[in-house]
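One file, target11.txt, is given below (compact mmCIF, N, CA and C atoms).
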```
# COMPACT_ATOMS: atom_id res chain seq x y z
N MET A 1 -57.89 113.94 4.29
CA MET A 1 -58.99 113.49 5.11
C MET A 1 -59.89 114.70 5.40
N GLU A 2 -61.17 114.51 5.22
CA GLU A 2 -62.13 115.57 5.55
C GLU A 2 -62.90 115.17 6.80
N LEU A 3 -62.97 116.09 7.75
CA LEU A 3 -63.66 115.85 9.00
C LEU A 3 -64.79 116.85 9.20
N LYS A 4 -65.90 116.34 9.67
CA LYS A 4 -67.07 117.16 9.99
C LYS A 4 -67.00 117.51 11.48
N VAL A 5 -66.97 118.79 11.79
CA VAL A 5 -66.84 119.26 13.17
C VAL A 5 -68.19 119.18 13.88
N ILE A 6 -68.18 118.56 15.06
CA ILE A 6 -69.38 118.44 15.89
C ILE A 6 -69.41 119.51 16.98
N GLU A 7 -68.29 119.66 17.68
CA GLU A 7 -68.13 120.66 18.75
C GLU A 7 -66.72 121.22 18.66
N LYS A 8 -66.52 122.44 19.21
CA LYS A 8 -65.23 123.11 19.10
C LYS A 8 -65.01 124.04 20.28
N ILE A 9 -63.78 124.04 20.83
CA ILE A 9 -63.41 124.97 21.90
C ILE A 9 -62.00 125.51 21.64
N ARG A 10 -61.68 126.58 22.30
CA ARG A 10 -60.31 127.13 22.30
C ARG A 10 -59.87 127.15 23.77
N THR A 11 -58.65 126.64 24.03
CA THR A 11 -58.22 126.55 25.43
C THR A 11 -56.70 126.48 25.52
N ASN A 12 -56.21 126.25 26.73
CA ASN A 12 -54.78 126.14 27.02
C ASN A 12 -54.64 125.18 28.20
N ASN A 13 -53.78 124.18 28.07
CA ASN A 13 -53.62 123.17 29.13
C ASN A 13 -53.00 123.73 30.40
N PHE A 14 -52.29 124.84 30.31
CA PHE A 14 -51.53 125.32 31.45
C PHE A 14 -52.02 126.66 32.01
N ASN A 15 -52.70 127.47 31.18
CA ASN A 15 -53.11 128.80 31.63
C ASN A 15 -54.62 128.99 31.72
N ASP A 16 -55.39 127.96 31.41
CA ASP A 16 -56.85 128.06 31.46
C ASP A 16 -57.34 127.20 32.62
N GLU A 17 -57.75 127.85 33.70
CA GLU A 17 -58.18 127.09 34.88
C GLU A 17 -59.46 126.29 34.61
N LEU A 18 -60.17 126.59 33.54
CA LEU A 18 -61.39 125.86 33.18
C LEU A 18 -61.16 124.81 32.09
N VAL A 19 -59.90 124.49 31.78
CA VAL A 19 -59.60 123.60 30.66
C VAL A 19 -60.33 122.26 30.78
N MET A 20 -60.30 121.62 31.93
CA MET A 20 -60.95 120.31 32.07
C MET A 20 -62.46 120.42 31.94
N GLN A 21 -63.04 121.49 32.48
CA GLN A 21 -64.49 121.69 32.38
C GLN A 21 -64.89 121.93 30.92
N LYS A 22 -64.11 122.74 30.21
CA LYS A 22 -64.40 123.01 28.80
C LYS A 22 -64.35 121.73 27.97
N ILE A 23 -63.31 120.92 28.20
CA ILE A 23 -63.16 119.68 27.44
C ILE A 23 -64.27 118.70 27.78
N THR A 24 -64.58 118.57 29.07
CA THR A 24 -65.66 117.67 29.50
C THR A 24 -66.99 118.09 28.89
N ASP A 25 -67.31 119.38 28.95
CA ASP A 25 -68.57 119.89 28.39
C ASP A 25 -68.62 119.68 26.87
N MET A 26 -67.49 119.90 26.19
CA MET A 26 -67.45 119.72 24.74
C MET A 26 -67.78 118.28 24.39
N TRP A 27 -67.14 117.32 25.07
CA TRP A 27 -67.39 115.91 24.78
C TRP A 27 -68.81 115.50 25.16
N LYS A 28 -69.32 116.06 26.25
CA LYS A 28 -70.68 115.74 26.67
C LYS A 28 -71.69 116.22 25.62
N ASN A 29 -71.51 117.44 25.12
CA ASN A 29 -72.39 117.97 24.07
C ASN A 29 -72.28 117.15 22.79
N ALA A 30 -71.07 116.77 22.43
CA ALA A 30 -70.86 115.98 21.22
C ALA A 30 -71.48 114.59 21.34
N SER A 31 -71.47 114.03 22.53
CA SER A 31 -71.99 112.67 22.71
C SER A 31 -73.48 112.59 22.40
N THR A 32 -74.21 113.68 22.58
CA THR A 32 -75.64 113.65 22.25
C THR A 32 -75.83 113.53 20.74
N VAL A 33 -74.96 114.14 19.96
CA VAL A 33 -75.01 114.06 18.50
C VAL A 33 -74.53 112.69 18.02
N LEU A 34 -73.53 112.15 18.72
CA LEU A 34 -72.89 110.90 18.29
C LEU A 34 -73.56 109.65 18.83
N ALA A 35 -74.52 109.80 19.74
CA ALA A 35 -75.16 108.64 20.37
C ALA A 35 -75.74 107.69 19.32
N GLY A 36 -75.43 106.42 19.50
CA GLY A 36 -75.98 105.39 18.61
C GLY A 36 -75.26 105.23 17.29
N LYS A 37 -74.26 106.07 17.05
CA LYS A 37 -73.51 105.97 15.79
C LYS A 37 -72.29 105.08 16.01
N ASN A 38 -71.99 104.25 15.03
CA ASN A 38 -70.86 103.33 15.13
C ASN A 38 -69.78 103.78 14.15
N GLU A 39 -69.09 104.87 14.51
CA GLU A 39 -68.07 105.41 13.62
C GLU A 39 -66.87 105.89 14.42
N VAL A 40 -65.77 106.09 13.72
CA VAL A 40 -64.57 106.60 14.35
C VAL A 40 -64.81 108.07 14.70
N VAL A 41 -64.43 108.44 15.93
CA VAL A 41 -64.58 109.82 16.40
C VAL A 41 -63.19 110.38 16.65
N TYR A 42 -63.01 111.64 16.26
CA TYR A 42 -61.71 112.30 16.39
C TYR A 42 -61.78 113.42 17.42
N GLY A 43 -60.73 113.53 18.23
CA GLY A 43 -60.47 114.71 19.03
C GLY A 43 -59.32 115.40 18.30
N LEU A 44 -59.62 116.48 17.60
CA LEU A 44 -58.65 117.11 16.69
C LEU A 44 -58.09 118.39 17.31
N TYR A 45 -56.77 118.45 17.41
CA TYR A 45 -56.06 119.61 17.96
C TYR A 45 -55.42 120.37 16.81
N HIS A 46 -55.66 121.67 16.75
CA HIS A 46 -55.10 122.48 15.67
C HIS A 46 -55.12 123.96 16.07
N GLU A 47 -54.73 124.82 15.12
CA GLU A 47 -54.65 126.26 15.37
C GLU A 47 -53.80 126.55 16.61
N TYR A 48 -52.65 125.90 16.65
CA TYR A 48 -51.73 126.09 17.79
C TYR A 48 -51.16 127.49 17.78
N GLU A 49 -51.15 128.11 18.96
CA GLU A 49 -50.54 129.42 19.14
C GLU A 49 -49.01 129.30 19.06
N SER A 50 -48.47 128.24 19.65
CA SER A 50 -47.02 128.06 19.68
C SER A 50 -46.70 126.57 19.79
N ASN A 51 -46.53 126.10 21.02
CA ASN A 51 -46.26 124.69 21.27
C ASN A 51 -47.32 124.15 22.23
N TYR A 52 -47.04 123.02 22.89
CA TYR A 52 -48.07 122.42 23.74
C TYR A 52 -48.41 123.26 24.97
N ARG A 53 -47.64 124.27 25.24
CA ARG A 53 -47.95 125.16 26.36
C ARG A 53 -48.81 126.36 25.96
N GLY A 54 -49.03 126.55 24.66
CA GLY A 54 -49.81 127.67 24.17
C GLY A 54 -51.28 127.32 23.94
N ASP A 55 -52.04 128.31 23.51
CA ASP A 55 -53.46 128.10 23.20
C ASP A 55 -53.60 127.21 21.97
N TYR A 56 -54.70 126.50 21.90
CA TYR A 56 -55.01 125.64 20.75
C TYR A 56 -56.52 125.49 20.63
N THR A 57 -56.96 125.01 19.48
CA THR A 57 -58.36 124.69 19.26
C THR A 57 -58.51 123.18 19.31
N LEU A 58 -59.56 122.72 19.97
CA LEU A 58 -59.87 121.30 20.05
C LEU A 58 -61.28 121.09 19.52
N CYS A 59 -61.42 120.16 18.60
CA CYS A 59 -62.72 119.83 18.01
C CYS A 59 -63.03 118.37 18.21
N VAL A 60 -64.30 118.05 18.34
CA VAL A 60 -64.78 116.68 18.20
C VAL A 60 -65.29 116.60 16.77
N ALA A 61 -64.85 115.58 16.04
CA ALA A 61 -65.21 115.48 14.63
C ALA A 61 -65.37 114.02 14.21
N VAL A 62 -66.03 113.84 13.07
CA VAL A 62 -66.16 112.53 12.44
C VAL A 62 -65.81 112.70 10.97
N GLU A 63 -65.51 111.59 10.31
CA GLU A 63 -65.20 111.68 8.89
C GLU A 63 -66.45 112.07 8.12
N GLY A 64 -66.30 112.95 7.14
CA GLY A 64 -67.43 113.36 6.33
C GLY A 64 -67.33 114.80 5.90
N LYS A 65 -68.18 115.13 4.95
CA LYS A 65 -68.20 116.49 4.40
C LYS A 65 -69.36 117.27 5.02
N ASP A 66 -69.09 118.53 5.27
CA ASP A 66 -70.08 119.39 5.90
C ASP A 66 -69.60 120.82 5.74
N LYS A 67 -70.47 121.77 5.98
CA LYS A 67 -70.06 123.18 5.86
C LYS A 67 -69.02 123.55 6.91
N THR A 68 -68.96 122.80 8.02
CA THR A 68 -67.97 123.08 9.07
C THR A 68 -66.81 122.10 8.99
N LYS A 69 -66.52 121.60 7.79
CA LYS A 69 -65.47 120.58 7.66
C LYS A 69 -64.08 121.18 7.80
N LEU A 70 -63.16 120.32 8.16
CA LEU A 70 -61.74 120.63 8.18
C LEU A 70 -61.07 119.64 7.25
N VAL A 71 -60.15 120.12 6.45
CA VAL A 71 -59.41 119.24 5.55
C VAL A 71 -57.99 119.11 6.09
N ILE A 72 -57.61 117.88 6.40
CA ILE A 72 -56.27 117.60 6.91
C ILE A 72 -55.45 117.08 5.74
N PRO A 73 -54.32 117.71 5.45
CA PRO A 73 -53.50 117.29 4.30
C PRO A 73 -53.08 115.82 4.42
N ASN A 74 -53.13 115.13 3.30
CA ASN A 74 -52.76 113.71 3.27
C ASN A 74 -51.26 113.47 3.32
N ASP A 75 -50.47 114.51 3.08
CA ASP A 75 -49.02 114.33 3.04
C ASP A 75 -48.33 114.54 4.40
N THR A 76 -49.11 114.71 5.45
CA THR A 76 -48.56 114.91 6.78
C THR A 76 -48.06 113.58 7.35
N ARG A 77 -46.88 113.60 7.93
CA ARG A 77 -46.35 112.40 8.61
C ARG A 77 -46.71 112.47 10.08
N TYR A 78 -47.03 111.30 10.64
CA TYR A 78 -47.45 111.22 12.04
C TYR A 78 -46.66 110.16 12.80
N GLU A 79 -46.45 110.43 14.07
CA GLU A 79 -46.00 109.38 14.99
C GLU A 79 -47.26 109.00 15.77
N VAL A 80 -47.55 107.71 15.80
CA VAL A 80 -48.79 107.23 16.42
C VAL A 80 -48.48 106.58 17.77
N PHE A 81 -49.26 106.97 18.78
CA PHE A 81 -49.13 106.45 20.13
C PHE A 81 -50.40 105.70 20.49
N ASN A 82 -50.26 104.45 20.90
CA ASN A 82 -51.42 103.67 21.34
C ASN A 82 -51.71 103.97 22.80
N VAL A 83 -52.98 104.18 23.12
CA VAL A 83 -53.40 104.50 24.48
C VAL A 83 -53.78 103.20 25.20
N ASP A 84 -53.33 103.09 26.46
CA ASP A 84 -53.72 101.95 27.29
C ASP A 84 -55.15 102.20 27.76
N THR A 85 -56.09 101.54 27.13
CA THR A 85 -57.51 101.76 27.45
C THR A 85 -57.95 101.06 28.73
N ASN A 86 -57.06 100.27 29.33
CA ASN A 86 -57.36 99.65 30.63
C ASN A 86 -57.09 100.61 31.78
N ASP A 87 -56.42 101.71 31.47
CA ASP A 87 -56.09 102.74 32.46
C ASP A 87 -57.07 103.90 32.27
N GLU A 88 -57.81 104.25 33.31
CA GLU A 88 -58.80 105.33 33.18
C GLU A 88 -58.16 106.67 32.83
N LYS A 89 -56.87 106.82 33.11
CA LYS A 89 -56.14 108.03 32.75
C LYS A 89 -55.24 107.79 31.54
N GLY A 90 -55.58 106.79 30.73
CA GLY A 90 -54.75 106.40 29.60
C GLY A 90 -54.48 107.51 28.62
N VAL A 91 -55.50 108.29 28.26
CA VAL A 91 -55.31 109.38 27.30
C VAL A 91 -54.39 110.44 27.90
N PHE A 92 -54.66 110.85 29.13
CA PHE A 92 -53.81 111.85 29.79
C PHE A 92 -52.37 111.35 29.92
N ASN A 93 -52.20 110.09 30.33
CA ASN A 93 -50.85 109.54 30.50
C ASN A 93 -50.11 109.49 29.17
N THR A 94 -50.82 109.19 28.09
CA THR A 94 -50.18 109.17 26.78
C THR A 94 -49.74 110.56 26.37
N TRP A 95 -50.59 111.57 26.60
CA TRP A 95 -50.19 112.95 26.31
C TRP A 95 -48.97 113.35 27.13
N THR A 96 -48.91 112.92 28.39
CA THR A 96 -47.75 113.23 29.24
C THR A 96 -46.49 112.64 28.63
N LYS A 97 -46.57 111.40 28.13
CA LYS A 97 -45.42 110.77 27.47
C LYS A 97 -45.02 111.54 26.21
N ILE A 98 -46.00 112.01 25.46
CA ILE A 98 -45.73 112.78 24.25
C ILE A 98 -44.97 114.06 24.61
N TRP A 99 -45.45 114.79 25.62
CA TRP A 99 -44.80 116.03 26.04
C TRP A 99 -43.39 115.77 26.54
N GLU A 100 -43.21 114.67 27.32
CA GLU A 100 -41.89 114.33 27.82
C GLU A 100 -40.93 114.00 26.68
N LYS A 101 -41.42 113.25 25.70
CA LYS A 101 -40.60 112.88 24.54
C LYS A 101 -40.18 114.13 23.77
N GLU A 102 -41.09 115.09 23.67
CA GLU A 102 -40.79 116.35 22.99
C GLU A 102 -39.74 117.15 23.77
N GLU A 103 -39.91 117.21 25.07
CA GLU A 103 -38.99 117.99 25.93
C GLU A 103 -37.55 117.51 25.81
N VAL A 104 -37.33 116.21 25.63
CA VAL A 104 -35.96 115.68 25.54
C VAL A 104 -35.47 115.57 24.10
N GLY A 105 -36.25 116.12 23.15
CA GLY A 105 -35.82 116.18 21.76
C GLY A 105 -36.04 114.91 20.95
N GLN A 106 -36.82 113.97 21.47
CA GLN A 106 -37.08 112.72 20.75
C GLN A 106 -38.30 112.80 19.84
N LEU A 107 -39.01 113.92 19.90
CA LEU A 107 -40.20 114.11 19.07
C LEU A 107 -40.19 115.54 18.55
N LYS A 108 -40.12 115.70 17.25
CA LYS A 108 -40.11 117.02 16.60
C LYS A 108 -41.51 117.28 16.04
N ARG A 109 -42.34 117.94 16.82
CA ARG A 109 -43.73 118.16 16.43
C ARG A 109 -43.86 119.28 15.41
N ALA A 110 -44.80 119.10 14.48
CA ALA A 110 -45.06 120.11 13.45
C ALA A 110 -46.07 121.14 13.92
N TYR A 111 -46.91 120.80 14.90
CA TYR A 111 -47.97 121.69 15.39
C TYR A 111 -48.89 122.16 14.28
N THR A 112 -49.37 121.20 13.50
CA THR A 112 -50.36 121.48 12.46
C THR A 112 -51.69 120.86 12.90
N TYR A 113 -51.85 119.57 12.65
CA TYR A 113 -53.04 118.84 13.08
C TYR A 113 -52.62 117.58 13.82
N ASP A 114 -53.01 117.46 15.08
CA ASP A 114 -52.81 116.26 15.87
C ASP A 114 -54.20 115.74 16.23
N PHE A 115 -54.32 114.43 16.41
CA PHE A 115 -55.65 113.94 16.75
C PHE A 115 -55.64 112.66 17.57
N GLU A 116 -56.66 112.59 18.41
CA GLU A 116 -56.99 111.35 19.11
C GLU A 116 -58.03 110.67 18.23
N LYS A 117 -57.87 109.38 18.04
CA LYS A 117 -58.78 108.62 17.19
C LYS A 117 -59.44 107.55 18.06
N TYR A 118 -60.76 107.67 18.24
CA TYR A 118 -61.52 106.76 19.08
C TYR A 118 -62.28 105.79 18.18
N TYR A 119 -61.89 104.52 18.24
CA TYR A 119 -62.50 103.49 17.41
C TYR A 119 -63.75 102.91 18.06
N PRO A 120 -64.71 102.46 17.25
CA PRO A 120 -65.93 101.87 17.81
C PRO A 120 -65.67 100.68 18.75
N ASP A 121 -64.56 99.96 18.55
CA ASP A 121 -64.26 98.81 19.41
C ASP A 121 -63.61 99.21 20.74
N GLY A 122 -63.42 100.52 20.97
CA GLY A 122 -62.86 101.01 22.23
C GLY A 122 -61.39 101.36 22.16
N GLY A 123 -60.72 101.03 21.07
CA GLY A 123 -59.31 101.37 20.93
C GLY A 123 -59.12 102.86 20.73
N ILE A 124 -57.97 103.36 21.19
CA ILE A 124 -57.66 104.79 21.05
C ILE A 124 -56.20 104.94 20.61
N GLU A 125 -55.98 105.80 19.63
CA GLU A 125 -54.63 106.16 19.18
C GLU A 125 -54.52 107.68 19.20
N ILE A 126 -53.31 108.16 19.46
CA ILE A 126 -53.04 109.59 19.34
C ILE A 126 -51.99 109.75 18.26
N SER A 127 -52.31 110.54 17.23
CA SER A 127 -51.42 110.78 16.12
C SER A 127 -50.87 112.19 16.21
N ILE A 128 -49.54 112.30 16.23
CA ILE A 128 -48.86 113.58 16.37
C ILE A 128 -48.16 113.91 15.07
N ALA A 129 -48.50 115.06 14.48
CA ALA A 129 -47.83 115.50 13.25
C ALA A 129 -46.38 115.81 13.56
N ILE A 130 -45.48 115.27 12.73
CA ILE A 130 -44.06 115.48 12.95
C ILE A 130 -43.44 116.23 11.77
N LYS A 131 -42.34 116.93 12.09
CA LYS A 131 -41.61 117.65 11.05
C LYS A 131 -40.86 116.65 10.19
N GLU A 132 -40.76 116.96 8.92
CA GLU A 132 -40.05 116.08 7.97
C GLU A 132 -38.56 116.10 8.26
```
Please re-express this file's structure in structure tokens.
Amino acid sequence: MELKVIEKIRTNNFNDELVMQKITDMWKNASTVLAGKNEVVYGLYHEYESNYRGDYTLCVAVEGKDKTKLVIPNDTRYEVFNVDTNDEKGVFNTWTKIWEKEEVGQLKRAYTYDFEKYYPDGGIEISIAIKE
């Protein structure tokens, strides 16, 4: 899969006191580019320093080729989590479940490319790369 990067930040969920502001600003900037487009939008997590407690890069991207593209290998296996879109904290709550599942050994993450997939109809999935 080839993704065209719209916006990009580097942050940490636990050690960056500006994490929410950075993510909010990134999505706000990306929304001006994406306005009026009816396509799947990705929140792509990659370049992990270690695990979910370390630094990572987050991009807003869409499918397509561009000079700032990222190529995600097609042979990666994912565990997919559906987000409850009726809950305003649905994305955050789903990530919390993912971290909890990892902590108890029920999810063996590969820490390569993980992504949130935002569908035009409002549906959201989070795909987590898993170890073979």
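Compared by their closest atoms to Tyr113 (chain A), and using only C-alpha atoms, the residues A:Thr76, A:Thr94, A:Asn13, A:Asn82 rank with A:Thr76 nearest.
Counting only N, CA and C atoms and comparing A:Leu58, A:Gly90, A:Asn51, A:Ile6, the residue that lies closest to Val33 (chain A) is A:Ile6.
The space between CA of Glu79 (chain A) and CA of Trp27 (chain A) spans 24.4 Å.
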*Could you pull out all residues of chain A with a DSSP call of alpha helix (DSSP H) and give them as a ChimeraX atom specification?*
/A:19-34,90-103
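Counting only N, CA and C atoms, the residue from A:Arg77, A:Asn15, A:Arg53, A:Glu88 that sits nearest to Glu132 (chain A) is A:Arg77.
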*Do you know which residues are at most 5 Å from region 122-129 of chain A counting all atoms listed in the file, after dropping those on the same chain fewer than 4 positions away, and could you put them as a PyMOL selection string?*
chain A and resi 77-83+109-110+113-118
Would you put the residues from that selection into a file with N, CA and C atoms, as a PDB file, in the coordinates of the input?
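Dumped everything to again02.pdb:
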```
ATOM      1  N   ARG A  77     -46.880 113.600   7.930  1.00  0.00           N
ATOM      2  CA  ARG A  77     -46.350 112.400   8.610  1.00  0.00           C
ATOM      3  C   ARG A  77     -46.710 112.470  10.080  1.00  0.00           C
ATOM      4  N   TYR A  78     -47.030 111.300  10.640  1.00  0.00           N
ATOM      5  CA  TYR A  78     -47.450 111.220  12.040  1.00  0.00           C
ATOM      6  C   TYR A  78     -46.660 110.160  12.800  1.00  0.00           C
ATOM      7  N   GLU A  79     -46.450 110.430  14.070  1.00  0.00           N
ATOM      8  CA  GLU A  79     -46.000 109.380  14.990  1.00  0.00           C
ATOM      9  C   GLU A  79     -47.260 109.000  15.770  1.00  0.00           C
ATOM     10  N   VAL A  80     -47.550 107.710  15.800  1.00  0.00           N
ATOM     11  CA  VAL A  80     -48.790 107.230  16.420  1.00  0.00           C
ATOM     12  C   VAL A  80     -48.480 106.580  17.770  1.00  0.00           C
ATOM     13  N   PHE A  81     -49.260 106.970  18.780  1.00  0.00           N
ATOM     14  CA  PHE A  81     -49.130 106.450  20.130  1.00  0.00           C
ATOM     15  C   PHE A  81     -50.400 105.700  20.490  1.00  0.00           C
ATOM     16  N   ASN A  82     -50.260 104.450  20.900  1.00  0.00           N
ATOM     17  CA  ASN A  82     -51.420 103.670  21.340  1.00  0.00           C
ATOM     18  C   ASN A  82     -51.710 103.970  22.800  1.00  0.00           C
ATOM     19  N   VAL A  83     -52.980 104.180  23.120  1.00  0.00           N
ATOM     20  CA  VAL A  83     -53.400 104.500  24.480  1.00  0.00           C
ATOM     21  C   VAL A  83     -53.780 103.200  25.200  1.00  0.00           C
ATOM     22  N   ARG A 109     -42.340 117.940  16.820  1.00  0.00           N
ATOM     23  CA  ARG A 109     -43.730 118.160  16.430  1.00  0.00           C
ATOM     24  C   ARG A 109     -43.860 119.280  15.410  1.00  0.00           C
ATOM     25  N   ALA A 110     -44.800 119.100  14.480  1.00  0.00           N
ATOM     26  CA  ALA A 110     -45.060 120.110  13.450  1.00  0.00           C
ATOM     27  C   ALA A 110     -46.070 121.140  13.920  1.00  0.00           C
ATOM     28  N   TYR A 113     -51.850 119.570  12.650  1.00  0.00           N
ATOM     29  CA  TYR A 113     -53.040 118.840  13.080  1.00  0.00           C
ATOM     30  C   TYR A 113     -52.620 117.580  13.820  1.00  0.00           C
ATOM     31  N   ASP A 114     -53.010 117.460  15.080  1.00  0.00           N
ATOM     32  CA  ASP A 114     -52.810 116.260  15.870  1.00  0.00           C
ATOM     33  C   ASP A 114     -54.200 115.740  16.230  1.00  0.00           C
ATOM     34  N   PHE A 115     -54.320 114.430  16.410  1.00  0.00           N
ATOM     35  CA  PHE A 115     -55.650 113.940  16.750  1.00  0.00           C
ATOM     36  C   PHE A 115     -55.640 112.660  17.570  1.00  0.00           C
ATOM     37  N   GLU A 116     -56.660 112.590  18.410  1.00  0.00           N
ATOM     38  CA  GLU A 116     -56.990 111.350  19.110  1.00  0.00           C
ATOM     39  C   GLU A 116     -58.030 110.670  18.230  1.00  0.00           C
ATOM     40  N   LYS A 117     -57.870 109.380  18.040  1.00  0.00           N
ATOM     41  CA  LYS A 117     -58.780 108.620  17.190  1.00  0.00           C
ATOM     42  C   LYS A 117     -59.440 107.550  18.060  1.00  0.00           C
ATOM     43  N   TYR A 118     -60.760 107.670  18.240  1.00  0.00           N
ATOM     44  CA  TYR A 118     -61.520 106.760  19.080  1.00  0.00           C
ATOM     45  C   TYR A 118     -62.280 105.790  18.180  1.00  0.00           C
TER      46      TYR A 118
END
```
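For the residues A:Asp25, A:Asp84, A:Glu63, A:Asp55, ranking by smallest atom-to-atom distance to Tyr42 (chain A) using only N, CA and C atoms places A:Glu63 first.
Across the structure, atom N of Ile9 (chain A) and atom C of Val60 (chain A) are spaced 8.6 Å apart.
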*asked:* I'd like the interatomic distance between CA of Glu2 (chain A) and CA of Leu44 (chain A), to a tenth of an Å.
replied: 11.8 Å
_Residue nearest Tyr119 (chain A) - candidates A:Glu39, A:Glu49, A:Asp75, A:Glu100, atoms counted: only N, CA and C atoms_ = A:Glu39
_Backbone-only DSSP, strand (DSSP E or B) members of chain A, as a PyMOL selection string_ = chain A and resi 2-11+41-46+56-63+69-71+78-82+109+114-118+124-130
Edge lengths and centre in Å, axis-aligned, region 89-100 of chain A plus 4 Å each side, as JSON:
```
{"center_x": -48.9, "center_y": 111.2, "center_z": 28.7, "size_x": 23.9, "size_y": 17.6, "size_z": 16.9}
```
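Compared by their closest atoms to Val41 (chain A), and using only N, CA and C atoms, the residues A:Val91, A:Ala61, A:Ile23, A:Val71 rank with A:Ala61 nearest.
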